[in-house]
file target09.txt (compact mmCIF, C-alpha atoms)
# COMPACT_ATOMS: atom_id res chain seq x y z
CA MET A 1 111.17 97.72 78.83
CA ARG A 2 107.84 97.86 80.65
CA ILE A 3 106.94 95.08 83.09
CA SER A 4 103.33 94.64 84.15
CA LEU A 5 101.44 92.16 86.27
CA THR A 6 97.90 91.06 85.49
CA HIS A 7 95.32 88.66 86.77
CA GLN A 8 94.19 86.07 84.24
CA ARG A 9 93.79 88.32 81.23
CA SER A 10 96.54 89.38 78.93
CA SER A 11 96.59 92.43 76.70
CA THR A 12 100.12 92.42 75.36
CA GLU A 13 101.04 91.18 71.92
CA ASP A 14 104.70 91.27 72.85
CA LEU A 15 105.70 88.76 75.55
CA SER A 16 103.81 87.12 78.40
CA ILE A 17 104.97 84.98 81.27
CA MET A 18 102.21 82.68 82.50
CA VAL A 19 102.45 81.79 86.19
CA ASP A 20 100.49 78.87 87.62
CA LEU A 21 102.79 77.68 90.38
CA LEU A 22 100.63 74.83 91.74
CA ARG A 23 101.18 73.01 89.53
CA ALA A 24 101.03 73.54 85.76
CA SER A 25 104.03 75.88 85.54
CA THR A 26 106.21 73.66 87.68
CA THR A 27 105.12 70.45 85.96
CA ILE A 28 105.80 71.86 82.48
CA THR A 29 109.22 73.16 83.53
CA VAL A 30 110.22 69.75 84.89
CA ALA A 31 108.63 67.86 82.00
CA LEU A 32 110.99 69.52 79.51
CA ASP A 33 113.83 67.51 81.05
CA LYS A 34 112.03 64.34 79.97
CA PHE A 35 109.93 65.26 76.94
CA LYS A 36 110.77 67.17 73.75
CA LYS A 37 107.48 68.99 73.79
CA VAL A 38 104.39 69.58 75.90
CA ILE A 39 101.05 70.16 74.19
CA PRO A 40 98.49 71.99 76.35
CA ALA A 41 94.90 70.84 75.88
CA GLU A 42 91.83 72.67 77.10
CA SER A 43 89.62 69.65 77.61
CA VAL A 44 89.95 65.96 78.31
CA SER A 45 88.48 65.11 74.91
CA GLU A 46 90.94 67.43 73.15
CA ALA A 47 93.79 65.78 75.07
CA LEU A 48 92.63 62.31 74.01
CA GLU A 49 92.38 63.42 70.40
CA ILE A 50 95.91 64.88 70.41
CA SER A 51 97.17 61.69 72.00
CA LYS A 52 95.66 59.64 69.17
CA GLU A 53 97.39 61.83 66.60
CA THR A 54 100.76 62.09 68.29
CA GLY A 55 101.02 59.05 70.55
CA GLY A 56 101.84 61.46 73.36
CA LEU A 57 101.57 60.65 77.04
CA LEU A 58 98.48 62.03 78.79
CA ALA A 59 98.71 64.05 81.99
CA GLY A 60 96.24 66.29 83.73
CA GLU A 61 93.86 67.16 86.52
CA ARG A 62 90.59 68.82 87.29
CA GLY A 63 90.30 70.57 90.64
CA GLY A 64 93.63 69.02 91.62
CA GLU A 65 92.50 65.42 91.13
CA THR A 66 94.26 63.34 88.51
CA ILE A 67 92.07 62.57 85.49
CA LYS A 68 91.33 58.82 85.26
CA GLY A 69 93.79 57.08 82.96
CA PHE A 70 96.12 60.11 82.90
CA ILE A 71 99.22 60.71 84.94
CA GLY A 72 99.00 63.56 87.43
CA ASN A 73 99.78 67.20 86.77
CA SER A 74 102.63 66.52 89.15
CA PRO A 75 106.23 67.71 88.86
CA LEU A 76 107.29 64.67 90.91
CA GLN A 77 105.28 61.98 89.08
CA ILE A 78 106.31 63.34 85.69
CA GLN A 79 109.94 62.52 86.45
CA ASP A 80 109.19 58.79 86.18
CA TYR A 81 108.25 59.14 82.51
CA ASN A 82 109.86 60.31 79.31
CA GLY A 83 109.16 60.48 75.62
CA GLU A 84 108.62 62.73 72.63
CA THR A 85 105.35 64.39 73.63
CA LEU A 86 103.49 65.11 76.84
CA ILE A 87 99.87 66.25 76.56
CA LEU A 88 98.76 68.26 79.57
CA THR A 89 95.34 69.54 80.56
CA THR A 90 94.80 71.42 83.84
CA THR A 91 92.06 73.44 85.52
CA ASN A 92 93.63 76.88 85.15
CA GLY A 93 97.11 77.18 83.65
CA THR A 94 96.81 75.37 80.34
CA ARG A 95 93.49 77.07 79.58
CA ILE A 96 94.86 80.53 80.15
CA LEU A 97 97.88 79.72 78.02
CA LYS A 98 95.59 78.91 75.11
CA SER A 99 93.83 82.28 75.41
CA LEU A 100 96.99 84.37 74.95
CA LYS A 101 97.78 86.41 71.85
CA SER A 102 101.49 86.84 72.46
CA LYS A 103 104.50 84.58 72.67
CA ALA A 104 104.46 83.14 76.14
CA LEU A 105 106.99 81.78 78.59
CA ILE A 106 106.02 79.68 81.56
CA GLY A 107 107.30 80.83 84.92
CA SER A 108 107.59 79.17 88.31
CA LEU A 109 109.84 79.42 91.34
CA ILE A 110 112.12 76.62 90.13
CA ASN A 111 112.99 78.62 86.99
CA ALA A 112 112.31 82.24 88.08
CA ARG A 113 115.73 83.63 87.26
CA ALA A 114 116.05 81.78 83.94
CA VAL A 115 112.59 82.81 82.76
CA ALA A 116 113.23 86.47 83.62
CA ARG A 117 116.48 86.46 81.63
CA ALA A 118 114.90 84.82 78.63
CA ALA A 119 111.97 87.25 78.75
CA VAL A 120 114.30 90.24 78.48
CA GLU A 121 115.97 88.62 75.45
CA LEU A 122 112.69 87.85 73.71
CA ALA A 123 110.52 90.90 74.42
CA ASN A 124 110.59 94.01 72.28
CA ASN A 125 109.43 96.48 74.92
CA GLU A 126 106.83 94.86 77.13
CA ILE A 127 106.66 91.84 79.42
CA GLU A 128 103.32 90.98 80.95
CA ILE A 129 103.25 88.51 83.81
CA ILE A 130 99.92 86.73 84.07
CA MET A 131 98.78 85.11 87.27
CA ALA A 132 96.65 82.10 86.44
CA GLY A 133 94.77 82.14 89.74
CA VAL A 134 92.24 79.49 90.72
CA ASN A 135 88.86 79.43 89.02
CA GLY A 136 89.05 83.15 88.37
CA ARG A 137 90.15 83.99 91.90
CA PHE A 138 93.41 85.57 93.04
CA ALA A 139 95.89 82.94 94.23
CA ILE A 140 98.65 84.09 96.55
CA GLU A 141 101.14 81.49 95.27
CA ASP A 142 100.95 82.96 91.76
CA PHE A 143 101.29 86.52 93.08
CA LEU A 144 104.38 85.64 95.10
CA THR A 145 105.93 83.64 92.26
CA ALA A 146 105.34 86.60 89.98
CA GLY A 147 107.03 88.76 92.62
CA GLU A 148 110.06 86.50 92.60
CA ILE A 149 110.32 86.67 88.79
CA ILE A 150 109.82 90.45 88.86
CA TYR A 151 112.72 90.78 91.31
CA TYR A 152 115.00 89.67 88.44
CA LEU A 153 113.41 92.37 86.27
CA ARG A 154 113.67 95.11 88.90
CA ASP A 155 115.91 97.35 86.79
CA TYR A 156 113.16 97.84 84.21
CA GLU A 157 110.03 99.98 84.36
CA LEU A 158 107.67 98.10 86.69
CA ASP A 159 104.00 98.93 86.96
CA GLU A 160 102.68 99.38 90.49
CA PHE A 161 101.04 95.96 90.70
CA ALA A 162 104.34 94.37 89.68
CA LYS A 163 106.14 96.42 92.36
CA ALA A 164 103.58 95.30 94.93
CA ALA A 165 104.23 91.63 94.09
CA MET A 166 107.98 92.15 94.24
CA ILE A 167 107.91 93.66 97.72
CA ALA A 168 105.41 91.08 98.95
CA ALA A 169 107.92 88.39 97.89
CA HIS A 170 110.74 90.16 99.69
CA ASP A 171 111.14 87.72 102.60
CA LYS A 172 111.69 84.09 101.54
CA ARG A 173 110.62 82.72 104.90
CA ILE A 174 107.25 84.51 104.74
CA VAL A 175 106.77 83.53 101.07
CA ASP A 176 107.38 79.87 101.84
CA ASP A 177 105.00 80.00 104.78
CA MET A 178 102.29 81.74 102.74
CA ILE A 179 102.54 79.26 99.87
CA LEU A 180 102.67 76.16 102.07
CA ASN A 181 99.50 77.42 103.79
CA SER A 182 97.73 78.70 100.69
CA SER A 183 94.30 77.43 99.81
CA SER A 184 95.77 75.61 96.75
CA ALA A 185 98.48 73.93 98.85
CA LEU A 186 96.03 72.79 101.50
CA LYS A 187 93.80 71.31 98.83
CA LEU A 188 96.73 69.44 97.29
CA LYS A 189 97.74 68.24 100.76
CA LYS A 190 94.28 66.71 101.19
CA LEU A 191 94.61 65.00 97.81
CA GLY A 192 98.01 63.55 98.75
CA PHE A 193 100.15 65.90 96.65
CA PHE A 194 101.88 67.94 99.36
CA GLU A 195 105.30 66.74 98.19
CA ASP A 196 104.56 68.53 94.89
CA VAL A 197 104.02 71.76 96.82
CA LYS A 198 107.32 71.37 98.68
CA PHE A 199 109.06 70.63 95.38
CA SER A 200 107.47 73.70 93.76
CA ILE A 201 108.76 76.22 96.30
CA GLN A 202 112.42 75.49 95.57
CA ARG A 203 114.15 78.48 93.94
CA ASN A 204 116.02 78.38 90.67
CA ILE A 205 116.84 74.68 90.52
CA SER A 206 116.02 74.57 86.80
CA LYS A 207 117.36 76.45 83.81
CA ASN A 208 114.49 75.26 81.61
CA VAL A 209 112.49 78.08 80.04
CA PRO A 210 109.28 76.70 78.53
CA ILE A 211 108.10 78.72 75.52
CA TYR A 212 104.64 78.39 74.02
CA ASN A 213 104.13 79.23 70.35
CA GLY A 214 100.32 79.10 70.33
CA LYS A 215 100.30 75.37 69.80
CA LEU A 216 103.00 73.62 71.75
CA ILE A 217 105.59 74.20 74.45
CA LYS A 218 109.30 73.61 73.94
CA LYS A 219 112.47 74.46 75.78
CA TYR A 220 113.70 77.93 74.81
CA LYS A 221 117.35 77.86 73.84
CA ILE A 222 119.18 80.99 74.91
CA MET B 1 84.92 87.36 110.70
CA ARG B 2 86.03 87.27 107.06
CA ILE B 3 88.32 90.00 105.76
CA SER B 4 88.67 90.54 102.03
CA LEU B 5 90.46 93.02 99.81
CA THR B 6 89.01 94.28 96.54
CA HIS B 7 89.85 96.72 93.83
CA GLN B 8 87.25 99.45 93.30
CA ARG B 9 84.13 97.31 93.47
CA SER B 10 82.39 96.22 96.60
CA SER B 11 80.10 93.24 97.01
CA THR B 12 79.48 93.17 100.75
CA GLU B 13 76.35 94.50 102.39
CA ASP B 14 78.00 94.24 105.78
CA LEU B 15 80.95 96.61 106.25
CA SER B 16 83.43 98.23 103.87
CA ILE B 17 86.55 100.23 104.50
CA MET B 18 87.28 102.59 101.61
CA VAL B 19 90.97 103.35 101.13
CA ASP B 20 92.10 106.29 98.99
CA LEU B 21 95.31 107.30 100.73
CA LEU B 22 96.30 110.19 98.42
CA ARG B 23 94.34 112.07 99.45
CA ALA B 24 90.59 111.66 100.06
CA SER B 25 90.90 109.22 102.97
CA THR B 26 93.52 111.29 104.74
CA THR B 27 91.74 114.60 104.11
CA ILE B 28 88.42 113.28 105.44
CA THR B 29 90.08 111.83 108.55
CA VAL B 30 91.75 115.14 109.34
CA ALA B 31 88.67 117.19 108.42
CA LEU B 32 86.65 115.54 111.19
CA ASP B 33 88.80 117.39 113.73
CA LYS B 34 87.54 120.66 112.27
CA PHE B 35 84.12 119.93 110.80
CA LYS B 36 81.10 118.10 112.23
CA LYS B 37 80.38 116.37 108.95
CA VAL B 38 81.79 115.83 105.48
CA ILE B 39 79.44 115.42 102.53
CA PRO B 40 80.95 113.63 99.53
CA ALA B 41 79.80 114.92 96.16
CA GLU B 42 80.30 113.18 92.83
CA SER B 43 80.48 116.25 90.66
CA VAL B 44 81.38 119.90 90.96
CA SER B 45 77.79 120.90 90.24
CA GLU B 46 76.47 118.55 92.91
CA ALA B 47 78.99 120.03 95.36
CA LEU B 48 77.85 123.58 94.54
CA GLU B 49 74.24 122.61 95.01
CA ILE B 50 74.90 121.03 98.41
CA SER B 51 76.84 124.12 99.42
CA LYS B 52 73.86 126.31 98.58
CA GLU B 53 71.60 124.14 100.72
CA THR B 54 73.93 123.71 103.68
CA GLY B 55 76.31 126.66 103.55
CA GLY B 56 79.12 124.10 103.72
CA LEU B 57 82.71 124.81 102.73
CA LEU B 58 83.73 123.48 99.31
CA ALA B 59 86.83 121.34 98.83
CA GLY B 60 87.94 119.15 95.98
CA GLU B 61 90.16 118.26 93.08
CA ARG B 62 90.17 116.71 89.67
CA GLY B 63 93.32 114.85 88.63
CA GLY B 64 95.02 116.25 91.73
CA GLU B 65 94.46 119.90 90.84
CA THR B 66 92.34 122.00 93.16
CA ILE B 67 88.97 122.96 91.66
CA LYS B 68 88.75 126.72 91.10
CA GLY B 69 87.06 128.46 94.00
CA PHE B 70 87.35 125.35 96.22
CA ILE B 71 89.95 124.57 98.82
CA GLY B 72 92.24 121.65 98.00
CA ASN B 73 91.59 118.01 98.82
CA SER B 74 94.51 118.50 101.15
CA PRO B 75 94.92 117.21 104.69
CA LEU B 76 97.25 120.13 105.40
CA GLN B 77 95.17 122.94 103.87
CA ILE B 78 92.01 121.68 105.55
CA GLN B 79 93.51 122.33 108.97
CA ASP B 80 93.26 126.09 108.40
CA TYR B 81 89.46 125.90 108.21
CA ASN B 82 86.62 124.79 110.40
CA GLY B 83 82.85 124.76 110.46
CA GLU B 84 79.75 122.65 110.48
CA THR B 85 79.97 121.07 107.01
CA LEU B 86 82.70 120.30 104.52
CA ILE B 87 81.67 119.30 101.00
CA LEU B 88 84.30 117.23 99.24
CA THR B 89 84.52 116.03 95.65
CA THR B 90 87.54 114.07 94.42
CA THR B 91 88.54 112.10 91.33
CA ASN B 92 88.39 108.62 92.86
CA GLY B 93 87.59 108.24 96.55
CA THR B 94 84.37 110.17 96.98
CA ARG B 95 82.90 108.64 93.83
CA ILE B 96 83.59 105.09 94.97
CA LEU B 97 82.14 105.86 98.38
CA LYS B 98 78.87 106.87 96.76
CA SER B 99 78.68 103.55 94.87
CA LEU B 100 78.78 101.36 98.01
CA LYS B 101 75.82 99.40 99.35
CA SER B 102 77.16 98.80 102.84
CA LYS B 103 78.05 100.93 105.81
CA ALA B 104 81.51 102.25 105.09
CA LEU B 105 84.45 103.45 107.11
CA ILE B 106 87.26 105.48 105.62
CA GLY B 107 90.77 104.18 106.13
CA SER B 108 94.20 105.72 105.78
CA LEU B 109 97.60 105.28 107.38
CA ILE B 110 96.98 108.03 109.94
CA ASN B 111 94.01 106.10 111.38
CA ALA B 112 94.79 102.48 110.38
CA ARG B 113 94.63 100.99 113.85
CA ALA B 114 91.52 102.95 114.89
CA VAL B 115 89.62 102.08 111.72
CA ALA B 116 90.45 98.36 112.06
CA ARG B 117 89.16 98.31 115.64
CA ALA B 118 85.96 100.13 114.76
CA ALA B 119 85.39 97.79 111.79
CA VAL B 120 85.48 94.74 114.05
CA GLU B 121 82.93 96.38 116.34
CA LEU B 122 80.61 97.34 113.51
CA ALA B 123 80.73 94.36 111.16
CA ASN B 124 78.53 91.32 111.57
CA ASN B 125 80.77 88.80 109.84
CA GLU B 126 82.48 90.44 106.88
CA ILE B 127 84.80 93.39 106.33
CA GLU B 128 85.68 94.30 102.77
CA ILE B 129 88.55 96.68 102.19
CA ILE B 130 88.20 98.58 98.94
CA MET B 131 91.17 100.13 97.21
CA ALA B 132 90.03 103.25 95.38
CA GLY B 133 92.89 103.15 92.86
CA VAL B 134 93.45 105.86 90.28
CA ASN B 135 91.09 106.12 87.31
CA GLY B 136 90.35 102.41 87.54
CA ARG B 137 93.98 101.40 87.88
CA PHE B 138 95.69 99.69 90.77
CA ALA B 139 97.47 102.18 93.04
CA ILE B 140 100.25 100.86 95.24
CA GLU B 141 99.62 103.39 98.01
CA ASP B 142 96.08 102.06 98.49
CA PHE B 143 97.30 98.45 98.45
CA LEU B 144 99.94 99.14 101.09
CA THR B 145 97.55 101.17 103.24
CA ALA B 146 95.07 98.30 103.03
CA GLY B 147 97.91 95.99 104.09
CA GLU B 148 98.61 98.14 107.12
CA ILE B 149 94.92 98.09 108.16
CA ILE B 150 94.74 94.33 107.54
CA TYR B 151 97.70 93.84 109.86
CA TYR B 152 95.42 94.94 112.71
CA LEU B 153 92.85 92.37 111.52
CA ARG B 154 95.36 89.54 111.17
CA ASP B 155 93.68 87.28 113.72
CA TYR B 156 90.58 86.98 111.54
CA GLU B 157 90.01 84.96 108.38
CA LEU B 158 91.89 86.85 105.65
CA ASP B 159 91.37 86.13 101.97
CA GLU B 160 94.56 85.63 99.95
CA PHE B 161 94.56 89.09 98.40
CA ALA B 162 94.29 90.59 101.90
CA LYS B 163 97.18 88.39 103.05
CA ALA B 164 99.23 89.53 100.05
CA ALA B 165 98.68 93.19 100.97
CA MET B 166 99.57 92.52 104.59
CA ILE B 167 102.89 90.91 103.77
CA ALA B 168 103.70 93.55 101.16
CA ALA B 169 103.27 96.17 103.90
CA HIS B 170 105.53 94.24 106.26
CA ASP B 171 108.54 96.57 106.11
CA LYS B 172 107.76 100.19 107.00
CA ARG B 173 110.89 101.50 105.30
CA ILE B 174 109.99 99.85 101.99
CA VAL B 175 106.34 100.95 102.28
CA ASP B 176 107.35 104.58 102.84
CA ASP B 177 109.75 104.43 99.91
CA MET B 178 107.14 102.87 97.60
CA ILE B 179 104.47 105.42 98.51
CA LEU B 180 106.78 108.44 98.29
CA ASN B 181 107.78 107.25 94.80
CA SER B 182 104.34 106.14 93.64
CA SER B 183 102.84 107.58 90.53
CA SER B 184 100.22 109.43 92.63
CA ALA B 185 102.87 110.92 94.91
CA LEU B 186 105.03 112.08 92.01
CA LYS B 187 102.02 113.71 90.41
CA LEU B 188 101.18 115.53 93.64
CA LYS B 189 104.82 116.59 93.95
CA LYS B 190 104.61 118.21 90.52
CA LEU B 191 101.44 120.02 91.57
CA GLY B 192 103.11 121.32 94.75
CA PHE B 193 101.38 118.97 97.20
CA PHE B 194 104.29 116.77 98.29
CA GLU B 195 103.88 117.88 101.93
CA ASP B 196 100.45 116.24 101.80
CA VAL B 197 102.10 112.97 100.81
CA LYS B 198 104.59 113.17 103.65
CA PHE B 199 101.76 113.96 106.05
CA SER B 200 99.72 110.99 104.74
CA ILE B 201 102.36 108.35 105.42
CA GLN B 202 102.41 108.97 109.17
CA ARG B 203 101.06 105.99 111.11
CA ASN B 204 98.22 106.12 113.61
CA ILE B 205 98.40 109.79 114.55
CA SER B 206 94.59 110.05 114.48
CA LYS B 207 91.88 108.21 116.36
CA ASN B 208 89.18 109.59 114.02
CA VAL B 209 87.14 106.90 112.31
CA PRO B 210 85.06 108.44 109.52
CA ILE B 211 81.81 106.57 108.92
CA TYR B 212 79.64 107.09 105.85
CA ASN B 213 75.93 106.39 106.08
CA GLY B 214 75.13 106.65 102.37
CA LYS B 215 74.78 110.41 102.55
CA LEU B 216 77.30 112.00 104.86
CA ILE B 217 80.43 111.22 106.82
CA LYS B 218 80.70 111.68 110.57
CA LYS B 219 83.11 110.65 113.27
CA TYR B 220 82.27 107.19 114.57
CA LYS B 221 82.05 107.18 118.35
CA ILE B 222 83.36 103.94 119.84
call {"tool": "encode", "arguments": {"input": "target09.txt", "output": "structure tokens"}}
result
Amino acid sequence: MRISLTHQRSSTEDLSIMVDLLRASTTITVALDKFKKVIPAESVSEALEISKETGGLLAGERGGETIKGFIGNSPLQIQDYNGETLILTTTNGTRILKSLKSKALIGSLINARAVARAAVELANNEIEIIMAGVNGRFAIEDFLTAGEIIYYLRDYELDEFAKAAMIAAHDKRIVDDMILNSSSALKLKKLGFFEDVKFSIQRNISKNVPIYNGKLIKKYKI
Amino acid sequence: MRISLTHQRSSTEDLSIMVDLLRASTTITVALDKFKKVIPAESVSEALEISKETGGLLAGERGGETIKGFIGNSPLQIQDYNGETLILTTTNGTRILKSLKSKALIGSLINARAVARAAVELANNEIEIIMAGVNGRFAIEDFLTAGEIIYYLRDYELDEFAKAAMIAAHDKRIVDDMILNSSSALKLKKLGFFEDVKFSIQRNISKNVPIYNGKLIKKYKI
């Protein structure tokens, strides 16, 4: 099994793990405790359209700010709601998800171990971990989250970028400090969402493994 | 002062530090103890031409293997020679150097501290550290060497990729292990150059700071 790490783009047709720690990955993972499915939408208008069809609840942000009339892309807010369908549109994560060609899992710190295990079950011979980043830029929280997931895949054949992420994520204290002071976290702090950041850095509190089939996200049953 | 880390491409017009640990950066740093200048050449034919003009000694490799009639791109071999001019052509490092628009220093582990200090002196407001990589791919030895250099620049404004490299290079034991087992190192081992790798992972044994002016490399005098 080959494990590789990439920034934004995916090349595998086997299995991807999309990582957008703050906050799409974490929100989706939590949402699957409350909703049967999450439908990612690229645009606000697409989200509204899907909501008309499905009656699903609307959630999303642009640049971290909650879209008017939607609930936030917030792992904490989402816990106050439940239903059949959540429709989620975010600046980076949901868009990247829609560009993938492979089956995709959604990885965060709260489900790192579970997502790594499921990936090994599902992949034929290649797992590609995709950092969502922020507006095309490298985001340290996604790199370190990838590193944490890769730690659980350390017995497989890691490419050198994957190894780099794994050793960067070696010291939990440093990882926490780096994420809490990341550019994404500081932006969310300004917008009043710092509790979401603190929630997102918890390790392995969820066994939910979100799987995306090209259209919608469900809980993967091992 | 902003510090950023990039892969292969440079955008700054201020100051770059080119990192190609195995072996161009290390060879050039050592060569400046024995030669007054090093001229990087992109191709074998360009190297031969420069040698005709200058009478300089020819060194270089392609894919790690020494070019016939040249001496190796080897920090150990180079110590047996001396002269006015060394002409060096390598697969990755010297080519990237020739593509830069800024003043450039050459960084390795043996001169990490010295190169960081000189960079702060020379830059106006931006230092870009460029990982040479291998044939366009990420190379962990360049990432970790960059991280070591960035450690000496930690009081400045680091971008998140630079921070990631710095924390990945946090533990010397892990760094050594990763570099000694990197794909580049294993290739050099096969070709009989593993002593070069062991030489290259020594920290701060040289105060030489190679500076490239768009044409040739000299020792920067602080």
call {"tool": "interface_residues", "arguments": {"input": "target09.txt", "of": "chain B", "to": "chain A", "cutoff": "9 Å", "atoms": "all atoms listed in the file", "output": "compact mmCIF listing (two decimals) with C-alpha atoms, in the coordinates of the input"}}
result
# COMPACT_ATOMS: atom_id res chain seq x y z
CA PHE B 138 95.69 99.69 90.77
CA ALA B 139 97.47 102.18 93.04
CA ILE B 140 100.25 100.86 95.24
CA PHE B 143 97.30 98.45 98.45
CA LEU B 144 99.94 99.14 101.09
CA GLU B 160 94.56 85.63 99.95
CA PHE B 161 94.56 89.09 98.40
CA LYS B 163 97.18 88.39 103.05
CA ALA B 164 99.23 89.53 100.05
CA ALA B 165 98.68 93.19 100.97
CA MET B 166 99.57 92.52 104.59
CA ILE B 167 102.89 90.91 103.77
CA ALA B 168 103.70 93.55 101.16
CA ALA B 169 103.27 96.17 103.90
CA HIS B 170 105.53 94.24 106.26
CA ASP B 171 108.54 96.57 106.11
CA ILE B 174 109.99 99.85 101.99
CA VAL B 175 106.34 100.95 102.28
CA MET B 178 107.14 102.87 97.60
CA SER B 182 104.34 106.14 93.64
CA SER B 183 102.84 107.58 90.53
call {"tool": "closest_residue", "arguments": {"input": "target09.txt", "among": "B:Leu5, B:Val30, B:Ala118, B:Ala112", "to": "Asp80 in chain B", "atoms": "all atoms listed in the file"}}
result
B:Val30
call {"tool": "residues_around", "arguments": {"input": "target09.txt", "residues": "Arg203 in chain B", "least_positions_apart": "5", "cutoff": "9 Å", "atoms": "all atoms listed in the file", "output": "list in words"}}
result
Ser108, Leu109, Ile110, Asn111, Ala112 and Arg113 of chain B
call {"tool": "closest_residue", "arguments": {"input": "target09.txt", "among": "B:Ser184, B:Thr27, B:Ser43, B:Asn213", "to": "Ile71 in chain B", "atoms": "only C-alpha atoms"}}
result
B:Thr27
call {"tool": "closest_residue", "arguments": {"input": "target09.txt", "among": "A:Gly60, A:Glu65, A:Leu97, A:Leu48", "to": "Lys190 in chain A", "atoms": "only C-alpha atoms"}}
result
A:Glu65
